[in-house]
Structures are given as C-alpha cells and as structure tokens.
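*Asks:* What follows is a structure written as structure tokens; I'll ask about it next.
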Amino acid sequence: MDVLTDMLNALELKGWISARNELTPPWRYYFAASHDMIFHLLGSGGGGYLSFEGDPEPVRVEEGAVLLFPFGHAHTMSDELTSPLTRIQHVEYSEQGSYQGFATASAELKMIVLCGAFHLEHPGAFPLLGSLPKVIHIPAEQGRTVPGFAEIVQLIAREATTPRLGTQVMLRRLTELLFIHVIRAWVEQQEASTPGWVAALRDPSISTALGLIHQAPEQRWTVEELASSVALSRSVFSARFTRLVGEPPIMYLTRWRMSRATRLLKDNVEIEKIAALLGYESAVAFHKAFKREVGMTPARYRKLG
C-alpha cells in the first residue's frame, strides 16, 4: 500500500487560479492570511523577495519557482526590499469564482505571478499536512529535475495567459495535479534525518504498519498485532509510531476510519454498511465513535453535506 497515494487521494482537494498579475517595478504585494492554502507560480520577468512578518531574513525567489503556503500564512512579495506597497490581496478558494487577469499598460519589464488557492474539507484529519512548513519553495531548477513538474507549470501558465473555452475547468484540474507534484517534490527533498511524518514514510516498520492500516481499516487492529506484523515489540513499536506519526497507532486508525467514513457519508452509503466496512461491530458502535471524533452524528454530517 502506497500510503502517500492513499492520503493524497483522500484529501478531497479543490484548486483554482484566482488571478494572473503583471507587475511592473516597483511593486510590493501583501497577501492576507487565508483559511485555504495559497500558492504562487512565478513566471517571466525576474525574481523578487518573499517575507513573513516576524522573520528577519527575506527569501530570494526567482522566476519559474512555485511557492505553496500550506497554512495560508500572511506574506509579502516584492521586487526589491525597499519597494512601496502596491496592493493588498486576499486569496481564498471560490467554488464559483472567476479567473481574473490584472494587466498593466506599461511596456516596461513585468513580473508575471499566478496566484491561487487549494481548499481541503478536513485538513486536520491528515497528519502529513501538519508536518509541512509554512512555505514550500520549489525553485525552477529543482522543478526541472522532477518528471512532469515543469510540464504542469507550463500548461497552467499557457491556459492562464490565453484563456479559451473550458479554461476554468482546465485550470482547476491542473492545479490539483500541481499540488500532488509539490507535495511529492517536497517529500523527496527531505533529508533522511527529517523528523515527523516524512520519517514515518521512510521508516520500514512504521511505513509497513501505516500501509496495513490504510489497506484494511476494517480489521480490528490491536497494537500487539501491528507490532507483530512488523517484527517489533509492543513497547518499541508504540513509542516509535507515536514519535514519528504524532499520535498512537489506535488513535491514528480511528482518525483514518473517520476520514473514510466522511467520504462514504457524502456518497450516501448506508450507515450500517459504513459500520461494517470500517470494522465496527454495529451501527450503534460506529455512531458513538463518529460523534466522539467528529463532534456530530453521522446523520447530521450527511445532512450538512
């Protein structure tokens, strides 16, 4: 079981490009904090500086780079550190929002920046997301080394530059692919000693245990059974799993079951069938577990959609 694939597939992620900005120096954009993930694609026209409030050192970013802000942190981008504020921009996902292009009439050198957002229904249900940094920076040269990455970026830029019939849906689908590429590239660039969820994926024993949970969440796993499956003692396995994943094995199992349950409820699967699919001995037992973990009954969750 490829755990990363399973998690990315379960995210119910939605993406869109909100705006294409043509920036003529001097420029400084302040991006307000967002409930959604924010991302930028830096096109032609040189580079700039990325700054966070409270961080003393701005980061230089060059054209062709991709920036992802997993927690929607407020940030500033500018061509020079001394440039005055040009615009305050709010970037949030919109189901019905239309793509906008902000062009300048100037013939001077322009910096092209595509801005967009990713929306997740339940980001807290996925421990991998909690281990991400406040910004993932994929420079152009790194993107060119990842198969398919540069091509996706180029397709997005082309669609955003010359809108055609179907551009809205194309941009939404392409940005969802971009998110997967960014997460894969970030995971692959982490060093072997990186703590947290990435280390869990790289640890043979814990990765195998995660695969077992994802492959068969309906099985009534115990810590002893999972430990035995990866040839570790109960105490060693439990301590290592908790340290790397961020929560004990059975708590992770329960949260993963609830994640699957929410999707099944949205698909209008009967509650009794969901209980059986996720290993609960009865609909009543599932009902209690769901309410305890999610904070509402399965029926109410289904009604709220």
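Order determines the names: the first chain of the structure tokens is A, the second B, and so forth; residues in each chain are numbered 1 upward, and ligands are numbered 1 upward as they are shown.
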I'd like the contact shell of Leu178 (chain A) - 12 Å cut-off, only C-alpha atoms, skipping same-chain residues fewer than 2 positions apart - returned as a ChimeraX atom specification.
*Replies:* /A:13-17,39-41,66-68,116-118,138,143,146,148-157,171-176,180-185
*Asks:* Please produce a file of the residues just selected, as a compact mmCIF listing (two decimals), in the first residue's frame, where the atoms kept are C-alpha atoms.
*Replies:*
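Final output, result-v8.txt:
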# COMPACT_ATOMS: atom_id res chain seq x y z
CA LEU A 13 -8.74 18.78 -2.57
CA LYS A 14 -10.08 21.57 -4.79
CA GLY A 15 -7.86 24.10 -6.51
CA TRP A 16 -8.19 27.16 -8.68
CA ILE A 17 -6.20 30.05 -10.11
CA PHE A 39 0.15 29.16 -3.96
CA HIS A 40 2.05 31.29 -6.46
CA LEU A 41 3.66 30.46 -9.78
CA VAL A 66 6.49 27.52 -7.26
CA LEU A 67 5.51 28.62 -3.74
CA LEU A 68 2.94 26.81 -1.59
CA GLY A 116 -4.37 30.58 -6.46
CA ALA A 117 -5.73 28.56 -3.58
CA PHE A 118 -6.31 24.97 -2.52
CA ILE A 138 10.29 24.63 -5.35
CA GLY A 143 11.20 21.55 -10.75
CA VAL A 146 11.12 16.21 -11.26
CA GLY A 148 6.29 16.08 -15.24
CA PHE A 149 6.61 19.03 -12.83
CA ALA A 150 7.79 21.67 -15.31
CA GLU A 151 5.23 20.50 -17.88
CA ILE A 152 2.33 21.02 -15.45
CA VAL A 153 3.59 24.51 -14.57
CA GLN A 154 3.91 25.38 -18.27
CA LEU A 155 0.39 24.11 -19.02
CA ILE A 156 -1.06 26.23 -16.22
CA ALA A 157 0.82 29.31 -17.42
CA LEU A 171 -7.05 25.42 -14.53
CA ARG A 172 -8.86 23.75 -11.65
CA ARG A 173 -7.80 20.24 -12.71
CA LEU A 174 -4.23 21.27 -13.50
CA THR A 175 -3.78 22.98 -10.13
CA GLU A 176 -4.90 19.81 -8.34
CA ILE A 180 0.42 16.45 -5.82
CA HIS A 181 3.65 17.30 -7.63
CA VAL A 182 4.60 19.89 -5.00
CA ILE A 183 3.99 17.51 -2.08
CA ARG A 184 5.90 14.69 -3.80
CA ALA A 185 8.80 17.01 -4.59
*Asks:* I need the alpha helix (DSSP H) residues of region 147-179 of chain A per DSSP on the backbone, written as a short mmCIF file (atom, residue, chain, number, x, y, z; two decimals) with C-alpha atoms, in the first residue's frame.
*Replies:*
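Everything below was put into selection22.cif:
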data_model
loop_
_atom_site.label_atom_id
_atom_site.label_comp_id
_atom_site.auth_asym_id
_atom_site.auth_seq_id
_atom_site.Cartn_x
_atom_site.Cartn_y
_atom_site.Cartn_z
CA PHE A 149 6.61 19.03 -12.83
CA ALA A 150 7.79 21.67 -15.31
CA GLU A 151 5.23 20.50 -17.88
CA ILE A 152 2.33 21.02 -15.45
CA VAL A 153 3.59 24.51 -14.57
CA GLN A 154 3.91 25.38 -18.27
CA LEU A 155 0.39 24.11 -19.02
CA ILE A 156 -1.06 26.23 -16.22
CA ALA A 157 0.82 29.31 -17.42
CA ARG A 158 -0.34 28.76 -21.01
CA GLU A 159 -4.01 28.35 -20.04
CA ALA A 160 -3.88 31.40 -17.79
CA THR A 161 -2.21 33.56 -20.44
CA THR A 167 -10.13 27.26 -19.35
CA GLN A 168 -11.81 27.44 -15.93
CA VAL A 169 -12.11 23.68 -15.55
CA MET A 170 -8.66 23.11 -17.08
CA LEU A 171 -7.05 25.42 -14.53
CA ARG A 172 -8.86 23.75 -11.65
CA ARG A 173 -7.80 20.24 -12.71
CA LEU A 174 -4.23 21.27 -13.50
CA THR A 175 -3.78 22.98 -10.13
CA GLU A 176 -4.90 19.81 -8.34
CA LEU A 177 -2.16 17.92 -10.21
CA LEU A 178 0.28 20.67 -9.27
CA PHE A 179 -0.47 20.14 -5.57
#
*Asks:* Suppose you want the space between CA of Ala19 (chain A) and CA of Gln89 (chain A); what is it in Å?
*Replies:*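 CA of Gln89 (chain A) lies at a distance of 10.0 Å from CA of Ala19 (chain A).
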*Asks:* Could you check the closest approach to Leu210 (chain A) for each of A:Gln190, A:Ser233, A:Thr242, A:Ser131 and tell me which residue wins, using only C-alpha atoms?
*Replies:*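 Closest to Leu210 (chain A) of all the choices is A:Thr242.
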*Asks:* If we count only C-alpha atoms, what is near Gly54 (chain A) at a cut-off of 12 Å, once residues fewer than 4 positions away on the same chain are taken out, given as a CSV table (one decimal) with C-alpha atoms, in the first residue's frame?
*Replies:*
chain,number,residue,atom,x,y,z
A,58,PRO,CA,13.6,37.6,3.4
A,73,HIS,CA,0.2,32.4,6.3
A,74,ALA,CA,0.2,36.1,5.5
A,75,HIS,CA,3.2,37.1,3.5
A,76,THR,CA,4.7,39.8,1.3
*Asks:* Here is a test: counting only C-alpha atoms, which residue of A:Ala283, A:Ile250, A:Ala140, A:Leu85 is nearest to Glu63 (chain A)?
*Replies:*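 The closest residue to Glu63 (chain A) is A:Ala140.
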*Asks:* To one decimal place, how far is CA of Val230 (chain A) from CA of Gly196 (chain A) in Å?
*Replies:*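 CA of Gly196 (chain A) lies 19.4 Å from CA of Val230 (chain A).
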*Asks:* Nearest residue to Tyr280 (chain A) out of A:Ala261, A:Val91, A:Val187, A:Leu226, using only C-alpha atoms?
*Replies:*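 Residue with the minimum atom-to-atom distance to Tyr280 (chain A): A:Ala261.
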*Asks:* Tell me which of A:Arg263, A:Trp197, A:Arg292, A:Leu8 sits closest to Arg243 (chain A), counting only C-alpha atoms.
*Replies:*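 Checking each candidate against Arg243 (chain A), we get A:Trp197 as the closest.
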